[in-house]
$ cat work05.cif   # mmCIF, C-alpha atoms; chains and numbers go by the auth columns
data_upload
loop_
_atom_site.group_PDB
_atom_site.id
_atom_site.type_symbol
_atom_site.label_atom_id
_atom_site.label_comp_id
_atom_site.label_asym_id
_atom_site.label_seq_id
_atom_site.Cartn_x
_atom_site.Cartn_y
_atom_site.Cartn_z
_atom_site.B_iso_or_equiv
_atom_site.auth_seq_id
_atom_site.auth_asym_id
ATOM 1 C CA LEU A 1 -2.487 20.697 14.344 0.00 811 A
ATOM 2 C CA THR A 2 -1.335 23.595 12.277 0.00 812 A
ATOM 3 C CA SER A 3 1.406 26.120 12.705 0.00 813 A
ATOM 4 C CA PRO A 4 2.316 29.156 10.616 0.00 814 A
ATOM 5 C CA ALA A 5 5.084 27.115 8.985 0.00 815 A
ATOM 6 C CA THR A 6 2.810 24.230 7.962 0.00 816 A
ATOM 7 C CA PRO A 7 -0.795 25.319 7.319 0.00 817 A
ATOM 8 C CA PHE A 8 -1.507 22.057 5.497 0.00 818 A
ATOM 9 C CA LEU A 9 -4.884 21.225 6.971 0.00 819 A
ATOM 10 C CA SER A 10 -6.323 24.676 6.513 0.00 820 A
ATOM 11 C CA LEU A 11 -5.226 24.693 2.872 0.00 821 A
ATOM 12 C CA GLY A 12 -6.145 21.092 2.131 0.00 822 A
ATOM 13 C CA SER A 13 -2.757 20.071 0.766 0.00 823 A
ATOM 14 C CA ILE A 14 0.939 20.435 1.433 0.00 824 A
ATOM 15 C CA PRO A 15 3.184 21.673 -1.338 0.00 825 A
ATOM 16 C CA PRO A 16 6.378 19.623 -1.496 0.00 826 A
ATOM 17 C CA LYS A 17 9.424 21.451 -0.062 0.00 827 A
ATOM 18 C CA SER A 18 11.938 19.962 -2.454 0.00 828 A
ATOM 19 C CA ARG A 19 11.661 17.125 -4.867 0.00 829 A
ATOM 20 C CA LYS A 20 14.045 15.129 -6.998 0.00 830 A
ATOM 21 C CA LYS A 21 13.330 15.144 -10.709 0.00 831 A
ATOM 22 C CA ASN A 22 11.524 11.768 -10.828 0.00 832 A
ATOM 23 C CA GLU A 23 10.103 11.837 -7.297 0.00 833 A
ATOM 24 C CA GLU A 24 6.356 11.320 -6.988 0.00 834 A
ATOM 25 C CA GLN A 25 4.165 14.229 -5.854 0.00 835 A
ATOM 26 C CA TYR A 26 1.559 13.756 -3.139 0.00 836 A
ATOM 27 C CA ALA A 27 -1.559 15.827 -2.582 0.00 837 A
ATOM 28 C CA TYR A 28 -2.693 15.720 1.063 0.00 838 A
ATOM 29 C CA LEU A 29 -6.430 16.155 1.395 0.00 839 A
ATOM 30 C CA PRO A 30 -8.787 16.865 4.299 0.00 840 A
ATOM 31 C CA LEU A 31 -10.530 13.698 5.489 0.00 841 A
ATOM 32 C CA HIS A 32 -13.953 14.848 4.268 0.00 842 A
ATOM 33 C CA ASP A 33 -12.592 14.976 0.689 0.00 843 A
ATOM 34 C CA LEU A 34 -11.411 11.326 0.675 0.00 844 A
ATOM 35 C CA LYS A 35 -14.710 9.529 0.354 0.00 845 A
ATOM 36 C CA THR A 36 -14.550 8.088 -3.153 0.00 846 A
ATOM 37 C CA ASN A 37 -14.617 4.301 -3.404 0.00 847 A
ATOM 38 C CA LYS A 38 -11.397 2.634 -4.556 0.00 848 A
ATOM 39 C CA SER A 39 -9.555 5.943 -4.813 0.00 849 A
ATOM 40 C CA ILE A 40 -5.931 6.076 -3.684 0.00 850 A
ATOM 41 C CA VAL A 41 -5.455 8.877 -1.157 0.00 851 A
ATOM 42 C CA ASN A 42 -2.840 10.692 0.928 0.00 852 A
ATOM 43 C CA PHE A 43 -3.661 12.534 4.138 0.00 853 A
ATOM 44 C CA TYR A 44 -2.548 13.566 7.601 0.00 854 A
ATOM 45 C CA GLY A 45 -4.630 12.732 10.657 0.00 855 A
ATOM 46 C CA VAL A 46 -4.592 12.958 14.415 0.00 856 A
ATOM 47 C CA ILE A 47 -4.920 9.510 15.987 0.00 857 A
ATOM 48 C CA VAL A 48 -7.849 9.448 18.418 0.00 858 A
ATOM 49 C CA GLN A 49 -8.016 5.647 18.935 0.00 859 A
ATOM 50 C CA TYR A 50 -5.789 2.727 18.031 0.00 860 A
ATOM 51 C CA SER A 51 -5.537 -1.023 18.455 0.00 861 A
ATOM 52 C CA ALA A 52 -2.583 -3.173 19.379 0.00 862 A
ATOM 53 C CA PRO A 53 -1.084 -5.080 16.427 0.00 863 A
ATOM 54 C CA LYS A 54 -3.096 -8.185 15.510 0.00 864 A
ATOM 55 C CA LYS A 55 -2.410 -11.163 13.267 0.00 865 A
ATOM 56 C CA THR A 56 -4.615 -11.681 10.222 0.00 866 A
ATOM 57 C CA ALA A 57 -6.049 -15.085 9.324 0.00 867 A
ATOM 58 C CA LYS A 58 -3.057 -15.512 7.017 0.00 868 A
ATOM 59 C CA THR A 59 0.522 -14.333 7.599 0.00 869 A
ATOM 60 C CA ASP A 60 0.204 -10.549 7.924 0.00 870 A
ATOM 61 C CA PHE A 61 -0.252 -8.216 10.885 0.00 871 A
ATOM 62 C CA TYR A 62 -2.411 -5.106 11.101 0.00 872 A
ATOM 63 C CA VAL A 63 -3.419 -2.179 13.287 0.00 873 A
ATOM 64 C CA THR A 64 -6.631 -0.192 13.233 0.00 874 A
ATOM 65 C CA LEU A 65 -6.556 3.553 13.844 0.00 875 A
ATOM 66 C CA ASN A 66 -9.284 6.174 14.067 0.00 876 A
ATOM 67 C CA VAL A 67 -8.061 9.545 12.846 0.00 877 A
ATOM 68 C CA LYS A 68 -9.541 13.028 12.698 0.00 878 A
ATOM 69 C CA ASP A 69 -8.534 16.405 11.329 0.00 879 A
ATOM 70 C CA PRO A 70 -9.720 19.942 12.172 0.00 880 A
ATOM 71 C CA PHE A 71 -12.672 19.563 9.788 0.00 881 A
ATOM 72 C CA THR A 72 -14.023 16.402 11.471 0.00 882 A
ATOM 73 C CA PRO A 73 -17.222 17.168 13.440 0.00 883 A
ATOM 74 C CA ALA A 74 -16.917 16.615 17.198 0.00 884 A
ATOM 75 C CA ASP A 75 -19.639 13.933 17.169 0.00 885 A
ATOM 76 C CA ASP A 76 -17.883 11.965 14.369 0.00 886 A
ATOM 77 C CA ASP A 77 -15.650 9.004 15.332 0.00 887 A
ATOM 78 C CA GLY A 78 -13.260 9.891 12.532 0.00 888 A
ATOM 79 C CA LEU A 79 -11.898 7.846 9.663 0.00 889 A
ATOM 80 C CA VAL A 80 -10.938 4.207 10.269 0.00 890 A
ATOM 81 C CA VAL A 81 -7.470 3.359 8.913 0.00 891 A
ATOM 82 C CA ASN A 82 -6.309 -0.263 8.624 0.00 892 A
ATOM 83 C CA ILE A 83 -2.583 -0.730 8.060 0.00 893 A
ATOM 84 C CA PHE A 84 -1.188 -4.137 7.066 0.00 894 A
ATOM 85 C CA ARG A 85 2.431 -5.366 7.133 0.00 895 A
ATOM 86 C CA ARG A 86 4.221 -8.708 6.828 0.00 896 A
ATOM 87 C CA LYS A 87 6.004 -8.178 10.178 0.00 897 A
ATOM 88 C CA SER A 88 4.474 -6.623 13.289 0.00 898 A
ATOM 89 C CA GLU A 89 7.604 -4.534 13.916 0.00 899 A
ATOM 90 C CA ASP A 90 6.991 -2.752 10.578 0.00 900 A
ATOM 91 C CA LEU A 91 3.637 -1.360 11.761 0.00 901 A
ATOM 92 C CA PRO A 92 3.518 2.260 12.923 0.00 902 A
ATOM 93 C CA VAL A 93 4.197 2.801 16.613 0.00 903 A
ATOM 94 C CA VAL A 94 1.500 4.846 18.301 0.00 904 A
ATOM 95 C CA ARG A 95 2.616 6.292 21.611 0.00 905 A
ATOM 96 C CA LYS A 96 -0.650 7.984 22.596 0.00 906 A
ATOM 97 C CA PRO A 97 -3.842 9.514 21.233 0.00 907 A
ATOM 98 C CA GLY A 98 -2.938 12.824 19.646 0.00 908 A
ATOM 99 C CA ASP A 99 -0.031 11.424 17.628 0.00 909 A
ATOM 100 C CA ILE A 100 -0.101 12.586 14.014 0.00 910 A
ATOM 101 C CA ILE A 101 0.187 10.119 11.155 0.00 911 A
ATOM 102 C CA ARG A 102 0.994 10.760 7.509 0.00 912 A
ATOM 103 C CA VAL A 103 -0.739 8.271 5.220 0.00 913 A
ATOM 104 C CA HIS A 104 0.389 7.582 1.642 0.00 914 A
ATOM 105 C CA ARG A 105 -1.336 5.507 -1.041 0.00 915 A
ATOM 106 C CA ALA A 106 -4.229 4.200 1.058 0.00 916 A
ATOM 107 C CA GLU A 107 -7.267 2.837 -0.744 0.00 917 A
ATOM 108 C CA MET A 108 -10.672 4.135 0.304 0.00 918 A
ATOM 109 C CA GLN A 109 -13.293 1.412 0.837 0.00 919 A
ATOM 110 C CA ARG A 110 -16.860 1.179 2.108 0.00 920 A
ATOM 111 C CA TRP A 111 -17.354 -1.376 4.872 0.00 921 A
ATOM 112 C CA ASN A 112 -20.531 -1.758 6.973 0.00 922 A
ATOM 113 C CA ASP A 113 -21.777 1.588 5.656 0.00 923 A
ATOM 114 C CA ARG A 114 -18.618 3.437 6.798 0.00 924 A
ATOM 115 C CA TRP A 115 -15.604 4.722 4.926 0.00 925 A
ATOM 116 C CA LYS A 116 -12.164 3.455 5.794 0.00 926 A
ATOM 117 C CA ALA A 117 -8.659 3.763 4.394 0.00 927 A
ATOM 118 C CA VAL A 118 -6.743 0.516 3.863 0.00 928 A
ATOM 119 C CA GLY A 119 -3.159 0.059 2.874 0.00 929 A
ATOM 120 C CA THR A 120 0.079 -1.848 2.998 0.00 930 A
ATOM 121 C CA GLU A 121 2.341 0.975 1.794 0.00 931 A
ATOM 122 C CA ILE A 122 1.119 3.550 4.293 0.00 932 A
#
$ encode --input "work05.cif" --output "structure tokens"
Amino acid sequence: LTSPATPFLSLGSIPPKSRKKNEEQYAYLPLHDLKTNKSIVNFYGVIVQYSAPKKTAKTDFYVTLNVKDPFTPADDDGLVVNIFRRKSEDLPVVRKPGDIIRVHRAEMQRWNDRWKAVGTEI
């Protein structure tokens, strides 16, 4: 997950390489630091499980991912991430477990006594 050029997970955040004057800054946190209800978070994760796109009861589509990082215990299923879009083709394409995803502006929520990240802008 890490290389000498990008030690983001061992440091807990990635400093931006270059940024325009008004461009927003993102702090990327380890998954174990995300668990605050209703907080908006940014993180990287390794996809360990994923669902095919599904239609919601209304007009949107969504996928469910389980992600881990190097700090996730082996016996932990990882963090559930639900991503919603208006069109199924706008959802992230997962080719295989092990793909890495960068998540921006997800909201942390408690559901059935588990944490999950939910977002439409991910």
$ resolve_selection --input "work05.cif" --expression "the PyMOL selection byres ((chain A and resi 874-889) around 9)" --output "PyMOL selection string"
chain A and resi 811+819-820+840-842+854-863+872-873+890-893+910-911+924-927
$ closest_residue --input "work05.cif" --among "A:Thr866, A:Gly908, A:Arg915, A:Asp923" --to "Arg895 (chain A)" --atoms "all atoms listed in the file"
A:Thr866
$ closest_residue --input "work05.cif" --among "A:Asp909, A:Leu901, A:Trp921, A:Phe853" --to "Ala837 (chain A)" --atoms "only C-alpha atoms"
A:Phe853
$ atom_distance --input "work05.cif" --atom1 "CA of Ser849 (chain A)" --atom2 "CA of Pro902 (chain A)"
22.3 Å
$ closest_residue --input "work05.cif" --among "A:Glu917, A:Glu931, A:Val903, A:Thr869" --to "Leu844 (chain A)" --atoms "only C-alpha atoms"
A:Glu917
$ atom_distance --input "work05.cif" --atom1 "CA of Asp900 (chain A)" --atom2 "CA of Lys864 (chain A)"
12.5 Å
$ closest_residue --input "work05.cif" --among "A:Asn847, A:Gln835, A:Asn852, A:Ser898" --to "Ala916 (chain A)" --atoms "all atoms listed in the file"
A:Asn852
$ build_atoms --input "work05.cif" --residues "region 897-908 of chain A" --atoms "all heavy atoms" --output "compact mmCIF listing (two decimals), in the coordinates of the input"
# COMPACT_ATOMS: atom_id res chain seq x y z
N LYS A 897 5.44 -8.00 8.84
CA LYS A 897 6.00 -8.18 10.18
C LYS A 897 5.40 -7.14 11.12
O LYS A 897 5.24 -5.97 10.74
CB LYS A 897 7.52 -8.01 10.15
CG LYS A 897 8.24 -9.05 9.31
CD LYS A 897 9.73 -8.93 9.45
CE LYS A 897 10.27 -8.12 8.30
NZ LYS A 897 11.71 -7.94 8.34
N SER A 898 5.09 -7.54 12.34
CA SER A 898 4.47 -6.62 13.29
C SER A 898 5.38 -5.44 13.61
O SER A 898 4.89 -4.33 13.85
CB SER A 898 4.07 -7.35 14.57
OG SER A 898 5.20 -7.84 15.24
N GLU A 899 6.68 -5.64 13.60
CA GLU A 899 7.60 -4.53 13.92
C GLU A 899 7.63 -3.46 12.82
O GLU A 899 8.17 -2.37 13.04
CB GLU A 899 9.02 -5.05 14.23
CG GLU A 899 9.66 -5.83 13.12
CD GLU A 899 9.48 -7.34 13.24
OE1 GLU A 899 8.58 -7.80 13.96
OE2 GLU A 899 10.24 -8.05 12.58
N ASP A 900 7.06 -3.75 11.65
CA ASP A 900 6.99 -2.75 10.58
C ASP A 900 5.74 -1.88 10.65
O ASP A 900 5.58 -0.96 9.85
CB ASP A 900 7.05 -3.44 9.21
CG ASP A 900 8.42 -4.07 8.95
OD1 ASP A 900 9.41 -3.65 9.59
OD2 ASP A 900 8.49 -4.99 8.12
N LEU A 901 4.85 -2.18 11.59
CA LEU A 901 3.64 -1.36 11.76
C LEU A 901 4.00 -0.05 12.46
O LEU A 901 4.99 0.01 13.19
CB LEU A 901 2.61 -2.12 12.59
CG LEU A 901 1.97 -3.32 11.89
CD1 LEU A 901 1.26 -4.20 12.91
CD2 LEU A 901 1.02 -2.86 10.81
N PRO A 902 3.21 1.00 12.24
CA PRO A 902 3.52 2.26 12.92
C PRO A 902 3.39 2.11 14.44
O PRO A 902 2.55 1.36 14.93
CB PRO A 902 2.48 3.24 12.39
CG PRO A 902 1.42 2.41 11.76
CD PRO A 902 2.03 1.10 11.40
N VAL A 903 4.23 2.80 15.16
CA VAL A 903 4.20 2.80 16.61
C VAL A 903 3.40 4.02 17.06
O VAL A 903 3.76 5.15 16.76
CB VAL A 903 5.63 2.85 17.20
CG1 VAL A 903 5.58 2.96 18.72
CG2 VAL A 903 6.42 1.63 16.76
N VAL A 904 2.32 3.77 17.76
CA VAL A 904 1.50 4.85 18.30
C VAL A 904 1.82 4.95 19.78
O VAL A 904 1.66 3.98 20.52
CB VAL A 904 -0.01 4.58 18.09
CG1 VAL A 904 -0.84 5.71 18.67
CG2 VAL A 904 -0.32 4.38 16.61
N ARG A 905 2.27 6.10 20.20
CA ARG A 905 2.62 6.29 21.61
C ARG A 905 1.42 6.70 22.45
O ARG A 905 1.28 6.30 23.60
CB ARG A 905 3.73 7.30 21.73
CG ARG A 905 5.05 6.76 21.19
CD ARG A 905 6.19 7.76 21.30
NE ARG A 905 7.47 7.21 20.95
CZ ARG A 905 7.87 6.87 19.74
NH1 ARG A 905 7.05 7.00 18.73
NH2 ARG A 905 9.07 6.39 19.51
N LYS A 906 0.52 7.52 21.84
CA LYS A 906 -0.65 7.98 22.60
C LYS A 906 -1.63 8.64 21.64
O LYS A 906 -1.25 9.05 20.54
CB LYS A 906 -0.23 8.98 23.68
CG LYS A 906 0.37 10.27 23.13
CD LYS A 906 0.92 11.14 24.24
CE LYS A 906 1.51 12.42 23.76
NZ LYS A 906 2.38 12.44 22.66
N PRO A 907 -2.90 8.73 22.04
CA PRO A 907 -3.84 9.51 21.23
C PRO A 907 -3.31 10.94 21.10
O PRO A 907 -2.72 11.48 22.03
CB PRO A 907 -5.13 9.48 22.06
CG PRO A 907 -5.01 8.24 22.88
CD PRO A 907 -3.54 8.12 23.20
N GLY A 908 -3.48 11.50 19.92
CA GLY A 908 -2.94 12.82 19.65
C GLY A 908 -1.74 12.76 18.73
O GLY A 908 -1.33 13.77 18.16
